[in-house]
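> Starting off with a structure, shown below.
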Amino acid sequence: MFRLLFLASCLQSVVSLNQLQALISQGTSISIDSGSISTIREVTTRYPNTISDATTNPLFVAQIVSKLDSSSDPDSALCTSLFKTACKEKSTELAIDKLSVLLGIEISKIVPGFISTEVDPRLSFSVAKQVERARHIISLYEASNIAKSRVLIKLAATWEGIQAATILKEDYEIQCNLTLIFGMTQAVACGQRNLKLISPFPGRVLDYHNDINDREFVASIDDDEGVQLVKGINKAFAEMSSSTINMPASWRPSRGARDDGFYDKDEILGLSGATKMTIPSNFLERLGDSEKKIKYSIHEGIFTPNPHPTFSPKLLTEEEFRLHFNYDACATSKFSEGLTAFCKLTDELENAIEQEQARS
């Protein structure tokens with residue numbers, strides 16, 4: 001790995017690479033964090049052969065409603081068509097799944113790799129219901145000739161979500177993206193089970209520590225607790241020989257916001273060398289516009305201590321998971337905040353679908 005990073009550094013110094021190209025040269029594959037078809041098409045056209053995957057979430061699906069019959073949004077006609085098609089389903093639950101998949105199908109026409117589609121977040125504490133809805137989502141993709149190997153089912157990293165992902169992997173060969181990761185306990189539980197992928201949120205972890213320490217920024221990228229967490233997860237996965245991919249998402253300027261946005265890429269650059277990253281379009285453009293050399297690596301610097309220093313063949317039990325998760329104030333606080341926000345967005349989407357179905 002260090003040899004690869006050295007060669008990538010030499011390549012960047014000999015050939016003029018922008019930071020987006022430099023990240024990819026270090027072995028990082030990029031997932032665009034967007035639900036806008038026009039934005040994804042624009043970014044992939046501007047930076048060809050750089051974006052492999054795409055990640056959606058309840059916010060992007062719910063935003064479809066705001067684009068209906070809009071004269072200013074370039075995606076309006078498509079979103080209106082997708083929404084009306086989804087609302088023909090017999091129930092709001094099936095309509096939500098259908099809309100999420102229809103959006104994913106459109107994105108799959110632009111990016112060549114994985115499409116992440118999230119199960120209704122309100123089901124995050126039911127193993128059986130998450131498994132059922134995940135299988136339904138996969139069946140919708142397969143009915144449109146999208147192989148399940150291209151789909152990552154997103155589940156919140158509750159104990160129940162991790163169990164559902166394990167069942168989906170072992171019994172149905174369905175791959176999952178465990179999201180809303182804010183602590184080592186969640187990550188370790190996923191890594192022990194060799195689940196396909198996790199999405200830790202370094203930016204929101206930094207938000208938490210900034211708030212409790214009454215500060216606006218940290219002195220350096222290495223001091224960013226979110227960056228330290230993702231590095232710690234990477235180290236833990238290596239120590240346990242886990243195949244789980246560590247794909248950070250959600251970014252903040254470690255060294256504080258500036259009018260010129262100079263520090264906005266701090267966490268992304270601080271985690272260069274990650275196997276995968278989920279990055280929104282505005283950050284992709286800033287990376288693509290800069291040729292400043294990347295000096296950081298996910299494999300070096302300060303790591304969040306691992307609360308489970310020995311990895312026995314025995315998996316974390318439910319009691320151990322809940323206890324250690326409860327000890328982690330950042331994880332419990334930010335997870336609750338994130339899941340609640342996604343649930344409320346899904347409630348709003350459900351109301352919009354009910355109104356459309358009532359009119360039809």
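Chains: A, B, ... in order of the structure tokens. Residues: from 1 per chain. Ligands: from 1, in order shown.
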Find the residues near Thr275 (chain A): any atom within 10 Å, counting only C-alpha atoms, skip ones fewer than 2 places away on the same chain, and give them as number ranges by chain.

A: 23-24, 26-30, 234, 245-248, 271-273, 277, 298

> Could you write out, as a PyMOL selection string, all the residues of region 70-165 of chain A that DSSP marks as alpha helix (DSSP H)?

chain A and resi 76-86+92-108+127-143+159-165

> Of the candidates A:Leu287, A:Ile51, A:Leu94, A:Ala238, which one gets nearest to Phe262 (chain A) if we count only C-alpha atoms?

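Using only C-alpha atoms, the shortest distance to Phe262 (chain A) belongs to A:Leu287.
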
> Taking into account only C-alpha atoms, which residue in the set A:Thr244, A:Asp214, A:Phe182, A:Lys148 is nearest to Leu195 (chain A)?

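Distance minimum relative to Leu195 (chain A) lands on A:Thr244.
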
> Please, what distance in Å, to one decimal, runs between CA of Gly226 (chain A) and CA of Leu178 (chain A)?

17.2 Å

> Write down as an MDAnalysis selection string the residues of region 25-163 of chain A whose backbone DSSP state falls under strand (DSSP E or B).

chainID A and resid 29:33 51:55 115:118 151:156

> With N, CA and C atoms retained, could you export that selection as a PDB file, in the first residue's frame?


ATOM      1  N   SER A  29     -11.954   4.920  -5.596  1.00  0.00           N
ATOM      2  CA  SER A  29     -13.031   5.035  -6.574  1.00  0.00           C
ATOM      3  C   SER A  29     -14.084   5.977  -6.004  1.00  0.00           C
ATOM      4  N   ILE A  30     -14.689   6.780  -6.870  1.00  0.00           N
ATOM      5  CA  ILE A  30     -15.540   7.877  -6.451  1.00  0.00           C
ATOM      6  C   ILE A  30     -17.009   7.554  -6.704  1.00  0.00           C
ATOM      7  N   SER A  31     -17.822   7.777  -5.685  1.00  0.00           N
ATOM      8  CA  SER A  31     -19.278   7.684  -5.802  1.00  0.00           C
ATOM      9  C   SER A  31     -19.833   9.099  -5.678  1.00  0.00           C
ATOM     10  N   ILE A  32     -20.611   9.529  -6.649  1.00  0.00           N
ATOM     11  CA  ILE A  32     -21.180  10.862  -6.578  1.00  0.00           C
ATOM     12  C   ILE A  32     -22.393  10.859  -5.651  1.00  0.00           C
ATOM     13  N   ASP A  33     -22.439  11.834  -4.785  1.00  0.00           N
ATOM     14  CA  ASP A  33     -23.497  11.938  -3.778  1.00  0.00           C
ATOM     15  C   ASP A  33     -24.536  12.927  -4.284  1.00  0.00           C
ATOM     16  N   ILE A  51     -16.020   9.052 -12.220  1.00  0.00           N
ATOM     17  CA  ILE A  51     -17.116   8.691 -11.320  1.00  0.00           C
ATOM     18  C   ILE A  51     -17.575   7.276 -11.629  1.00  0.00           C
ATOM     19  N   SER A  52     -17.424   6.374 -10.664  1.00  0.00           N
ATOM     20  CA  SER A  52     -17.802   4.978 -10.914  1.00  0.00           C
ATOM     21  C   SER A  52     -19.177   4.627 -10.356  1.00  0.00           C
ATOM     22  N   ASP A  53     -19.560   5.228  -9.215  1.00  0.00           N
ATOM     23  CA  ASP A  53     -20.777   4.840  -8.514  1.00  0.00           C
ATOM     24  C   ASP A  53     -21.627   6.063  -8.185  1.00  0.00           C
ATOM     25  N   ALA A  54     -22.811   5.805  -7.638  1.00  0.00           N
ATOM     26  CA  ALA A  54     -23.686   6.890  -7.187  1.00  0.00           C
ATOM     27  C   ALA A  54     -24.423   6.457  -5.928  1.00  0.00           C
ATOM     28  N   THR A  55     -24.613   7.413  -5.024  1.00  0.00           N
ATOM     29  CA  THR A  55     -25.270   7.150  -3.750  1.00  0.00           C
ATOM     30  C   THR A  55     -26.500   8.033  -3.621  1.00  0.00           C
ATOM     31  N   ILE A 115     -25.101   1.419  -7.548  1.00  0.00           N
ATOM     32  CA  ILE A 115     -26.140   2.387  -7.203  1.00  0.00           C
ATOM     33  C   ILE A 115     -26.626   2.021  -5.805  1.00  0.00           C
ATOM     34  N   SER A 116     -26.525   2.967  -4.868  1.00  0.00           N
ATOM     35  CA  SER A 116     -27.015   2.714  -3.505  1.00  0.00           C
ATOM     36  C   SER A 116     -28.445   3.216  -3.373  1.00  0.00           C
ATOM     37  N   THR A 117     -29.330   2.344  -2.936  1.00  0.00           N
ATOM     38  CA  THR A 117     -30.743   2.691  -2.755  1.00  0.00           C
ATOM     39  C   THR A 117     -31.167   2.288  -1.347  1.00  0.00           C
ATOM     40  N   GLU A 118     -31.785   3.217  -0.627  1.00  0.00           N
ATOM     41  CA  GLU A 118     -32.048   3.019   0.798  1.00  0.00           C
ATOM     42  C   GLU A 118     -33.436   2.447   1.082  1.00  0.00           C
ATOM     43  N   VAL A 151     -26.378  -3.196  -7.334  1.00  0.00           N
ATOM     44  CA  VAL A 151     -27.169  -2.449  -6.355  1.00  0.00           C
ATOM     45  C   VAL A 151     -26.624  -2.680  -4.951  1.00  0.00           C
ATOM     46  N   LEU A 152     -26.447  -1.594  -4.215  1.00  0.00           N
ATOM     47  CA  LEU A 152     -26.154  -1.668  -2.789  1.00  0.00           C
ATOM     48  C   LEU A 152     -27.391  -1.211  -2.027  1.00  0.00           C
ATOM     49  N   ILE A 153     -27.933  -2.076  -1.210  1.00  0.00           N
ATOM     50  CA  ILE A 153     -29.080  -1.717  -0.379  1.00  0.00           C
ATOM     51  C   ILE A 153     -28.573  -0.952   0.840  1.00  0.00           C
ATOM     52  N   LYS A 154     -29.047   0.270   1.009  1.00  0.00           N
ATOM     53  CA  LYS A 154     -28.614   1.078   2.153  1.00  0.00           C
ATOM     54  C   LYS A 154     -29.511   0.803   3.357  1.00  0.00           C
ATOM     55  N   LEU A 155     -28.879   0.497   4.464  1.00  0.00           N
ATOM     56  CA  LEU A 155     -29.575   0.273   5.728  1.00  0.00           C
ATOM     57  C   LEU A 155     -28.878   1.084   6.814  1.00  0.00           C
ATOM     58  N   ALA A 156     -29.659   1.659   7.715  1.00  0.00           N
ATOM     59  CA  ALA A 156     -29.060   2.341   8.860  1.00  0.00           C
ATOM     60  C   ALA A 156     -28.369   1.305   9.742  1.00  0.00           C
TER      61      ALA A 156
END

> Enumerate, in order of chain and increasing residue number, the residues of region 187-231 of chain A with an atom no farther than 12 Å from region 327-342 of chain A, each with its shortest atom pair and distance in Å to one decimal, counting only C-alpha atoms, as a Markdown table.


| residue | atom | partner | partner_atom | distance |
| --- | --- | --- | --- | --- |
| A:Ala187 | CA | A:Ala331 | CA | 11.0 |
| A:Pro200 | CA | A:Ala331 | CA | 10.4 |
| A:Phe201 | CA | A:Lys334 | CA | 9.4 |
| A:Pro202 | CA | A:Lys334 | CA | 10.9 |
| A:Gly203 | CA | A:Lys334 | CA | 10.7 |
| A:Arg204 | CA | A:Lys334 | CA | 7.0 |
| A:Val205 | CA | A:Cys330 | CA | 6.8 |
| A:Leu206 | CA | A:Cys330 | CA | 9.5 |
| A:Asp207 | CA | A:Lys334 | CA | 9.1 |
| A:Tyr208 | CA | A:Cys330 | CA | 6.3 |
| A:His209 | CA | A:Cys330 | CA | 7.8 |
| A:Asn210 | CA | A:Cys330 | CA | 11.1 |
| A:Asp211 | CA | A:Cys330 | CA | 10.6 |
| A:Ile212 | CA | A:Cys330 | CA | 9.6 |
| A:Glu225 | CA | A:Cys330 | CA | 10.4 |
| A:Gly226 | CA | A:Cys330 | CA | 10.4 |
| A:Leu229 | CA | A:Ala331 | CA | 10.9 |

> Export, as a compact mmCIF listing (two decimals), in the first residue's frame, the selected residues with all heavy atoms.


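Output saved as part09.txt:
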# COMPACT_ATOMS: atom_id res chain seq x y z
N ALA A 187 -18.97 0.17 13.24
CA ALA A 187 -18.04 -0.26 12.20
C ALA A 187 -17.50 -1.66 12.47
O ALA A 187 -17.45 -2.50 11.56
CB ALA A 187 -16.89 0.74 12.09
N PRO A 200 -19.15 5.79 6.98
CA PRO A 200 -18.98 6.68 8.15
C PRO A 200 -19.07 8.14 7.72
O PRO A 200 -18.75 8.47 6.57
CB PRO A 200 -17.57 6.32 8.63
CG PRO A 200 -16.86 5.83 7.42
CD PRO A 200 -17.89 5.19 6.54
N PHE A 201 -19.48 9.00 8.64
CA PHE A 201 -19.73 10.41 8.33
C PHE A 201 -18.75 11.30 9.12
O PHE A 201 -19.09 11.81 10.19
CB PHE A 201 -21.16 10.79 8.71
CG PHE A 201 -22.22 10.23 7.78
CD1 PHE A 201 -21.94 9.24 6.87
CD2 PHE A 201 -23.51 10.72 7.86
CE1 PHE A 201 -22.93 8.74 6.03
CE2 PHE A 201 -24.51 10.23 7.02
CZ PHE A 201 -24.22 9.23 6.10
N PRO A 202 -17.53 11.49 8.62
CA PRO A 202 -16.55 12.28 9.37
C PRO A 202 -16.98 13.72 9.64
O PRO A 202 -16.68 14.27 10.71
CB PRO A 202 -15.30 12.22 8.48
CG PRO A 202 -15.80 11.90 7.11
CD PRO A 202 -16.99 11.01 7.33
N GLY A 203 -17.67 14.34 8.69
CA GLY A 203 -18.08 15.72 8.88
C GLY A 203 -19.01 15.92 10.06
O GLY A 203 -18.88 16.88 10.82
N ARG A 204 -19.95 15.00 10.22
CA ARG A 204 -20.90 15.14 11.32
C ARG A 204 -20.25 14.80 12.67
O ARG A 204 -20.66 15.33 13.70
CB ARG A 204 -22.12 14.27 11.06
CG ARG A 204 -22.87 14.66 9.79
CD ARG A 204 -24.23 14.01 9.71
NE ARG A 204 -24.76 14.09 8.36
CZ ARG A 204 -25.96 13.65 8.01
NH1 ARG A 204 -26.75 13.09 8.91
NH2 ARG A 204 -26.37 13.74 6.76
N VAL A 205 -19.25 13.91 12.62
CA VAL A 205 -18.48 13.64 13.84
C VAL A 205 -17.73 14.90 14.26
O VAL A 205 -17.71 15.27 15.45
CB VAL A 205 -17.51 12.46 13.63
CG1 VAL A 205 -16.56 12.32 14.81
CG2 VAL A 205 -18.28 11.16 13.41
N LEU A 206 -17.15 15.59 13.30
CA LEU A 206 -16.47 16.86 13.61
C LEU A 206 -17.46 17.88 14.16
O LEU A 206 -17.15 18.60 15.12
CB LEU A 206 -15.78 17.41 12.36
CG LEU A 206 -15.10 18.77 12.54
CD1 LEU A 206 -13.96 18.69 13.54
CD2 LEU A 206 -14.60 19.31 11.19
N ASP A 207 -18.65 17.95 13.57
CA ASP A 207 -19.69 18.87 14.08
C ASP A 207 -19.92 18.64 15.57
O ASP A 207 -20.00 19.59 16.35
CB ASP A 207 -21.01 18.65 13.34
CG ASP A 207 -21.00 19.19 11.92
OD1 ASP A 207 -20.11 19.99 11.59
OD2 ASP A 207 -21.90 18.79 11.15
N TYR A 208 -20.06 17.36 15.95
CA TYR A 208 -20.33 17.03 17.34
C TYR A 208 -19.21 17.54 18.24
O TYR A 208 -19.47 18.19 19.27
CB TYR A 208 -20.49 15.51 17.50
CG TYR A 208 -20.60 15.08 18.94
CD1 TYR A 208 -21.83 15.11 19.60
CD2 TYR A 208 -19.48 14.66 19.65
CE1 TYR A 208 -21.93 14.73 20.94
CE2 TYR A 208 -19.57 14.27 20.97
CZ TYR A 208 -20.80 14.31 21.62
OH TYR A 208 -20.90 13.95 22.94
N HIS A 209 -17.98 17.25 17.89
CA HIS A 209 -16.86 17.64 18.74
C HIS A 209 -16.65 19.15 18.75
O HIS A 209 -16.23 19.71 19.78
CB HIS A 209 -15.60 16.88 18.32
CG HIS A 209 -15.63 15.43 18.68
ND1 HIS A 209 -15.35 14.98 19.95
CD2 HIS A 209 -15.95 14.33 17.94
CE1 HIS A 209 -15.47 13.66 19.98
NE2 HIS A 209 -15.82 13.25 18.78
N ASN A 210 -16.93 19.80 17.64
CA ASN A 210 -16.87 21.27 17.65
C ASN A 210 -17.89 21.84 18.62
O ASN A 210 -17.61 22.79 19.37
CB ASN A 210 -17.12 21.82 16.25
CG ASN A 210 -15.91 21.73 15.34
OD1 ASN A 210 -14.79 21.50 15.81
ND2 ASN A 210 -16.11 21.91 14.05
N ASP A 211 -19.08 21.26 18.62
CA ASP A 211 -20.15 21.76 19.50
C ASP A 211 -19.81 21.55 20.97
O ASP A 211 -19.93 22.48 21.78
CB ASP A 211 -21.47 21.05 19.17
CG ASP A 211 -22.07 21.51 17.85
OD1 ASP A 211 -21.66 22.58 17.36
OD2 ASP A 211 -22.94 20.80 17.31
N ILE A 212 -19.38 20.34 21.34
CA ILE A 212 -19.16 20.07 22.76
C ILE A 212 -17.90 20.77 23.29
O ILE A 212 -17.76 20.99 24.49
CB ILE A 212 -19.09 18.56 23.07
CG1 ILE A 212 -17.88 17.91 22.42
CG2 ILE A 212 -20.38 17.86 22.67
CD1 ILE A 212 -17.60 16.51 22.93
N GLU A 225 -11.58 14.96 14.54
CA GLU A 225 -12.03 13.68 15.11
C GLU A 225 -12.75 12.80 14.10
O GLU A 225 -12.72 11.56 14.21
CB GLU A 225 -12.94 13.93 16.32
CG GLU A 225 -12.24 14.51 17.53
CD GLU A 225 -12.18 16.03 17.53
OE1 GLU A 225 -12.59 16.65 16.52
OE2 GLU A 225 -11.74 16.61 18.56
N GLY A 226 -13.40 13.41 13.11
CA GLY A 226 -14.05 12.61 12.07
C GLY A 226 -13.04 11.89 11.20
O GLY A 226 -13.21 10.71 10.85
N LEU A 229 -11.61 9.05 13.19
CA LEU A 229 -12.51 7.89 13.24
C LEU A 229 -12.38 7.03 11.99
O LEU A 229 -12.25 5.81 12.08
CB LEU A 229 -13.96 8.35 13.40
CG LEU A 229 -15.02 7.23 13.28
CD1 LEU A 229 -14.87 6.22 14.40
CD2 LEU A 229 -16.42 7.81 13.25

> Tell me which protein, DNA and RNA residues are within 10 Å of region 315-324 of chain A, counting only C-alpha atoms, leaving out same-chain ones fewer than 5 positions away, and put them as a list in words.

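Result of the neighbour search: Thr158, Trp159, Glu160, Gln163, Gly183, Met184, Thr185, Gln186, Val188, Ala189, Cys190, Gly191, Gln192, Arg193, Pro307 and His308 of chain A.
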
> Restrict the selected residues to N, CA, C and O atoms and save them as a compact mmCIF listing (two decimals), in the first residue's frame.


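Saved result, result37.txt, follows:
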# COMPACT_ATOMS: atom_id res chain seq x y z
N THR A 158 -28.14 0.24 12.65
CA THR A 158 -28.66 -0.22 13.94
C THR A 158 -28.25 -1.68 14.12
O THR A 158 -27.77 -2.32 13.17
N TRP A 159 -28.46 -2.21 15.32
CA TRP A 159 -28.22 -3.65 15.50
C TRP A 159 -29.08 -4.43 14.51
O TRP A 159 -28.60 -5.37 13.85
N GLU A 160 -30.35 -4.01 14.36
CA GLU A 160 -31.27 -4.71 13.47
C GLU A 160 -30.85 -4.57 12.01
O GLU A 160 -30.98 -5.50 11.21
N GLN A 163 -28.03 -6.98 11.37
CA GLN A 163 -28.54 -8.35 11.25
C GLN A 163 -29.24 -8.55 9.91
O GLN A 163 -29.07 -9.60 9.26
N GLY A 183 -19.50 5.70 14.88
CA GLY A 183 -18.65 5.20 15.94
C GLY A 183 -18.03 3.86 15.60
O GLY A 183 -18.48 3.15 14.69
N MET A 184 -16.98 3.50 16.35
CA MET A 184 -16.25 2.27 16.10
C MET A 184 -17.09 1.03 16.34
O MET A 184 -16.91 0.01 15.68
N THR A 185 -18.03 1.08 17.29
CA THR A 185 -18.83 -0.11 17.59
C THR A 185 -19.63 -0.53 16.37
O THR A 185 -19.67 -1.72 16.01
N GLN A 186 -20.29 0.43 15.72
CA GLN A 186 -21.05 0.12 14.50
C GLN A 186 -20.12 -0.47 13.43
O GLN A 186 -20.45 -1.47 12.78
N VAL A 188 -17.09 -1.92 13.71
CA VAL A 188 -16.53 -3.22 14.06
C VAL A 188 -17.57 -4.33 13.84
O VAL A 188 -17.26 -5.39 13.30
N ALA A 189 -18.81 -4.08 14.24
CA ALA A 189 -19.87 -5.09 14.07
C ALA A 189 -20.07 -5.42 12.59
O ALA A 189 -20.30 -6.59 12.24
N CYS A 190 -19.97 -4.41 11.73
CA CYS A 190 -20.09 -4.65 10.28
C CYS A 190 -18.86 -5.37 9.74
O CYS A 190 -18.98 -6.31 8.95
N GLY A 191 -17.69 -4.93 10.17
CA GLY A 191 -16.46 -5.53 9.69
C GLY A 191 -16.31 -6.97 10.10
O GLY A 191 -15.80 -7.80 9.33
N GLN A 192 -16.74 -7.33 11.31
CA GLN A 192 -16.66 -8.72 11.76
C GLN A 192 -17.49 -9.63 10.87
O GLN A 192 -17.16 -10.81 10.69
N ARG A 193 -18.56 -9.09 10.30
CA ARG A 193 -19.47 -9.89 9.47
C ARG A 193 -19.14 -9.77 7.98
O ARG A 193 -19.85 -10.31 7.15
N PRO A 307 -12.12 0.38 20.53
CA PRO A 307 -12.59 -0.12 21.83
C PRO A 307 -12.57 -1.64 21.93
O PRO A 307 -12.82 -2.20 22.99
N HIS A 308 -12.30 -2.32 20.81
CA HIS A 308 -12.27 -3.79 20.80
C HIS A 308 -10.90 -4.23 20.29
O HIS A 308 -10.77 -4.67 19.15

> Quick check, in Å to one decimal: how far apart do CA of Ile146 (chain A) and CA of Ile167 (chain A) lie?

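For CA of Ile146 (chain A) relative to CA of Ile167 (chain A), the distance reads 21.5 Å.
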
> Suppose you want the space between CA of Cys343 (chain A) and CA of Ala257 (chain A); what is it in Å?

29.1 Å

> Write out as a list in words the residues lying within 7 Å of Glu267 (chain A), counting only C-alpha atoms and excluding same-chain residues fewer than 4 positions away.

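So, after excluding close chain neighbours, the residues are Ile221, Val227, Trp251, Arg252, Pro253, Ser254 and Leu271 of chain A.
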
> Pick from A:Ile137, A:Ile268, A:Val119, A:Pro280: nearest to Asn177 (chain A), with only C-alpha atoms counted?

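Checking each candidate against Asn177 (chain A), we get A:Val119 as the closest.
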